[in-house]
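Asks: I have a structure I would like to understand better, so I am pasting it below and will then ask my questions one at a time.
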Amino acid sequence: MPYCVVSHGDPSAAAAAAAAGEEGDVRIFYQRYGHGGTKVLLIIGFAGTHESWGPQVKGLTGAVEPVDEESPAGDDGAAGEGAEVCCFDNRGIGRSSVPPHKSQYTTVIMAKDALALMDHLGWRKAHVFGHSMGSMIASKLAAIAPDRVASLALLNTTGGGYQCIPKIDWQTISLACRFLRARTPEQRAGVDLDVHYTREYLDEIVGSNTRRQMLYQEYVKGLSSCGMQSRHGYEGQLNACWTHKLTQKELDRIRSSGFLILVIHGRDDVVAQLYHARRLAEKLQPAAKLVELHGGHLVSHERTAEVNMSLMEMIKASKSNTDQGEWSNLPKKSDDLLLAGSDSRLAKRECNIIVIYNLLGKLQLILLFFFGVFYIILEHARRVLRVLKPVRVSATSL
């Protein structure tokens with residue numbers, strides 16, 4: 001099987017692993033598809049495996065089966081009209097290693113995993129596309145090594161931290177309860193479908209079944225074959241999301257590096273709120289284009305044709321050295337500054353709104369924490385009552 005062995009890591013995490021007598025190296029499982037001079041690195045999100053990129057792999061390369069690892073994987077430069085795509089399992093999921101310490105999971109460390117994989121493949125530069133947590137990793141990679149990035153696509157992204165908290169309503173509370181209670185592939189598959197897709201999409205009739213019925217069988221099969229994510233992997237990847245943040249210096253480095261940026265988001269995403277994606281796209285001006293589509297968190301599956309077309313358009317625009325100003329579809333920063341200068345009161349009001357929104361975001365985090373604690377206590381009480389419940393003995397058994 002194709003693996004890339006990564007020996008880097010956070011010094012404190014490496015020390016903790018050494019003290020526990022554990023190996024410091026991490027094995028990253030990957031698959032390559034297609035051939036050509038255009039290199040594309042796909043980084044999947046939280047609790048996802050490389051297989052989640054199937055629709056994009058097929059759209060970009062036309063291939064459904066991985067290439068033989070006996071064939072060369074070097075950087076062909078400009079040779080070949082096709083595309084070579086690599087997708088992989090992040091640390092903590094699938095066939096990749098599962099480090100036991102949360103400190104071994106940050107978007108910086110995972111971005112270095114991706115860079116190590118590019119080195120392993122012999123790629124000097126690649127178009128880097130990330131989904132959800134994978135977009136956080138992709139943006140960190142772009143900040144760490146902008147010279148390795150040909151273009152950057154961020155799908156269903158947020159800025160990490162409290163921005164990972166979904167909008168709190170009865171739907172998300174219900175999904176959170178079902179997720180916490182899911183113990184089998186069947187239970188987890190039902191939750192994942194409602195998280196990933198819109199109800200409209202799931203209720204569509206395909207042949208003699210609904211799309212929900214078809215996808216449910218696929219999800220159960222995938223979860224059963226790969227196994228449920230381990231506790232270490234789940235907590236570690238969650239830590240990577242909560243601790244992720246792009247500093248102003250990193251945003252400036254990404255924005256000024258010269259490559260094109262594409263932000264794609266589903267309007268009905270219940271996990272990553274559209275507002276945060278819009279704000280990130282604005283911060284990455286003048287390099288970013290924002291594409292909003294009708295779809296959920298897995299808009300890359302729900303609106304495959306539109307997503308693939310947007311990705312291929314960016315690859316084509318990058319090859320033709322399209323100017324960032326021509327690429328972006330967002331208002332120019334100079335226009336925004338002129339407007340702010342003509343009406344300072346409006347600017348102050350916007351600042352106040354941002355402060356209030358940030359406070360509400362933190363309040364959401366507090367409420368979600370207390371809800372989780374309440375749910376855990378309730379579940380524990382139910383188990384205790386089940387154990388203490390008296391057993392009825394019939395008269396005939398005496």
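Residues are named by chain letter and number: chains run A, B, ... in the order of the structure tokens, numbers start at 1 in each chain, and ligands are numbered from 1 in the order shown.
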Report the residues of stretch 36-198 of chain A whose backbone DSSP state falls under strand (DSSP E), written as a list in words.
Replies: Thr38, Lys39, Val40, Leu41, Leu42, Ile43, Ala83, Glu84, Val85, Cys86, Cys87, Phe88, Ala126, His127, Val128, Phe129, Gly130, His131, Val149, Ala150, Ser151, Leu152, Ala153, Leu154 and Leu155 of chain A
Asks: Please provide the set of residues having any atom within 9 Å of stretch 181-190 of chain A, restricted to only C-alpha atoms, with same-chain residues fewer than 6 positions apart removed, written as a PyMOL selection string.
Replies: chain A and resi 212+215-224+227-228
Asks: If we count only C-alpha atoms and set the cut-off at 6 Å, which residues sit around A:Gly266, ignoring sequence neighbours fewer than 5 positions away in its own chain? Please answer as a list in words.
Replies: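 That gives Glu292, Leu293, His294, Gly295, Gly296 and Val299 of chain A.
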Asks: Store the residues picked out above in a file with N, CA, C and O atoms, as a PDB file, in the first residue's frame.
Replies:
ATOM      1  N   GLU A 292     -21.082  30.679  -4.318  1.00  0.00           N
ATOM      2  CA  GLU A 292     -22.109  30.147  -3.419  1.00  0.00           C
ATOM      3  C   GLU A 292     -23.060  29.278  -4.225  1.00  0.00           C
ATOM      4  O   GLU A 292     -23.576  29.699  -5.260  1.00  0.00           O
ATOM      5  N   LEU A 293     -23.282  28.057  -3.733  1.00  0.00           N
ATOM      6  CA  LEU A 293     -24.140  27.103  -4.424  1.00  0.00           C
ATOM      7  C   LEU A 293     -25.234  26.605  -3.493  1.00  0.00           C
ATOM      8  O   LEU A 293     -25.070  26.594  -2.278  1.00  0.00           O
ATOM      9  N   HIS A 294     -26.343  26.195  -4.081  1.00  0.00           N
ATOM     10  CA  HIS A 294     -27.401  25.582  -3.283  1.00  0.00           C
ATOM     11  C   HIS A 294     -26.951  24.171  -2.905  1.00  0.00           C
ATOM     12  O   HIS A 294     -26.788  23.312  -3.760  1.00  0.00           O
ATOM     13  N   GLY A 295     -26.712  23.961  -1.633  1.00  0.00           N
ATOM     14  CA  GLY A 295     -26.243  22.653  -1.195  1.00  0.00           C
ATOM     15  C   GLY A 295     -25.834  22.691   0.260  1.00  0.00           C
ATOM     16  O   GLY A 295     -25.807  23.750   0.899  1.00  0.00           O
ATOM     17  N   GLY A 296     -25.501  21.519   0.793  1.00  0.00           N
ATOM     18  CA  GLY A 296     -25.123  21.382   2.183  1.00  0.00           C
ATOM     19  C   GLY A 296     -23.621  21.373   2.381  1.00  0.00           C
ATOM     20  O   GLY A 296     -22.868  21.927   1.574  1.00  0.00           O
ATOM     21  N   VAL A 299     -21.157  20.031  -0.483  1.00  0.00           N
ATOM     22  CA  VAL A 299     -21.613  20.603  -1.744  1.00  0.00           C
ATOM     23  C   VAL A 299     -20.809  20.030  -2.906  1.00  0.00           C
ATOM     24  O   VAL A 299     -21.270  20.012  -4.049  1.00  0.00           O
TER      25      VAL A 299
END
Asks: Out of A:His196, A:His127, A:Arg255, A:His232, which residue has the shortest atom-to-atom distance to A:Gly45 when counting only C-alpha atoms?
Replies: A:His196
Asks: Leaving out stretch 106-112 of chain A and any residue of its chain fewer than 3 positions from it, which residues lie within 7 Å of it when counting only C-alpha atoms, given as an MDAnalysis selection string?
Replies: chainID A and resid 9 115:116 136:138 140:141 239:240 243:244
Asks: Can you list, as a list in words, every protein, DNA or RNA residue that comes within 7 Å of A:Gly130 when you count only C-alpha atoms, leaving out same-chain residues fewer than 3 positions away?
Replies: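 Contacts, with the query itself left out: Leu42, Ile43, Ile44, Gly134, Ser135, Ala138, Ala153, Leu154 and Leu155 of chain A.
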Asks: For N, CA and C atoms, I'd like the residues from the last selection saved as a short mmCIF file (atom, residue, chain, number, x, y, z; two decimals), in the first residue's frame.
Replies:
data_model
loop_
_atom_site.label_atom_id
_atom_site.label_comp_id
_atom_site.auth_asym_id
_atom_site.auth_seq_id
_atom_site.Cartn_x
_atom_site.Cartn_y
_atom_site.Cartn_z
N LEU A 42 -5.54 17.03 -2.91
CA LEU A 42 -6.86 17.15 -2.30
C LEU A 42 -6.76 16.80 -0.81
N ILE A 43 -7.20 17.71 0.05
CA ILE A 43 -7.11 17.52 1.50
C ILE A 43 -8.52 17.45 2.07
N ILE A 44 -8.88 16.30 2.63
CA ILE A 44 -10.24 16.08 3.12
C ILE A 44 -10.40 16.63 4.53
N GLY A 134 -10.10 20.28 6.03
CA GLY A 134 -9.06 20.22 5.00
C GLY A 134 -8.76 21.58 4.41
N SER A 135 -9.76 22.48 4.37
CA SER A 135 -9.50 23.83 3.88
C SER A 135 -8.68 24.63 4.88
N ALA A 138 -5.25 23.38 4.23
CA ALA A 138 -4.77 23.92 2.96
C ALA A 138 -4.33 25.37 3.12
N ALA A 153 -8.02 26.31 -3.33
CA ALA A 153 -9.48 26.23 -3.27
C ALA A 153 -9.90 25.80 -1.87
N LEU A 154 -10.81 26.58 -1.27
CA LEU A 154 -11.30 26.32 0.08
C LEU A 154 -12.80 26.03 0.00
N LEU A 155 -13.17 24.79 0.24
CA LEU A 155 -14.57 24.37 0.14
C LEU A 155 -15.19 24.25 1.53
#
Asks: Select, from A:Trp242, A:Pro286, A:Asp147, A:Thr49, the residue with the minimum atom-to-atom distance to A:Tyr162, counting only C-alpha atoms.
Replies: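 When distances to A:Tyr162 are compared using only C-alpha atoms, the smallest one comes from A:Trp242.
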Asks: Select from stretch 245-290 of chain A everything DSSP, run on the backbone, classes as helix (DSSP H, G or I), then give the selection as a list in words.
Replies: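 Those in stretch 245-290 of chain A that DSSP calls helix (DSSP H, G or I) are Gln248, Lys249, Glu250, Leu251, Asp252, Arg253, Ile254, Arg255, Leu274, Tyr275, His276, Ala277, Arg278, Arg279, Leu280, Ala281, Glu282 and Lys283 of chain A.
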Asks: For C-alpha atoms, I'd like the residues from the last selection saved as a compact mmCIF listing (two decimals), in the first residue's frame.
Replies:
# COMPACT_ATOMS: atom_id res chain seq x y z
CA GLN A 248 -3.16 38.72 9.89
CA LYS A 249 0.44 38.08 8.83
CA GLU A 250 -0.54 34.69 7.40
CA LEU A 251 -3.53 36.19 5.58
CA ASP A 252 -1.28 38.87 4.09
CA ARG A 253 1.24 36.24 2.98
CA ILE A 254 -1.45 34.16 1.27
CA ARG A 255 -3.10 37.16 -0.35
CA LEU A 274 -21.72 30.80 5.09
CA TYR A 275 -21.04 34.11 6.86
CA HIS A 276 -17.56 32.98 7.92
CA ALA A 277 -16.67 31.84 4.40
CA ARG A 278 -17.72 35.21 3.02
CA ARG A 279 -15.62 37.03 5.61
CA LEU A 280 -12.57 34.88 4.82
CA ALA A 281 -12.98 35.52 1.09
CA GLU A 282 -13.11 39.26 1.78
CA LYS A 283 -9.93 39.05 3.88
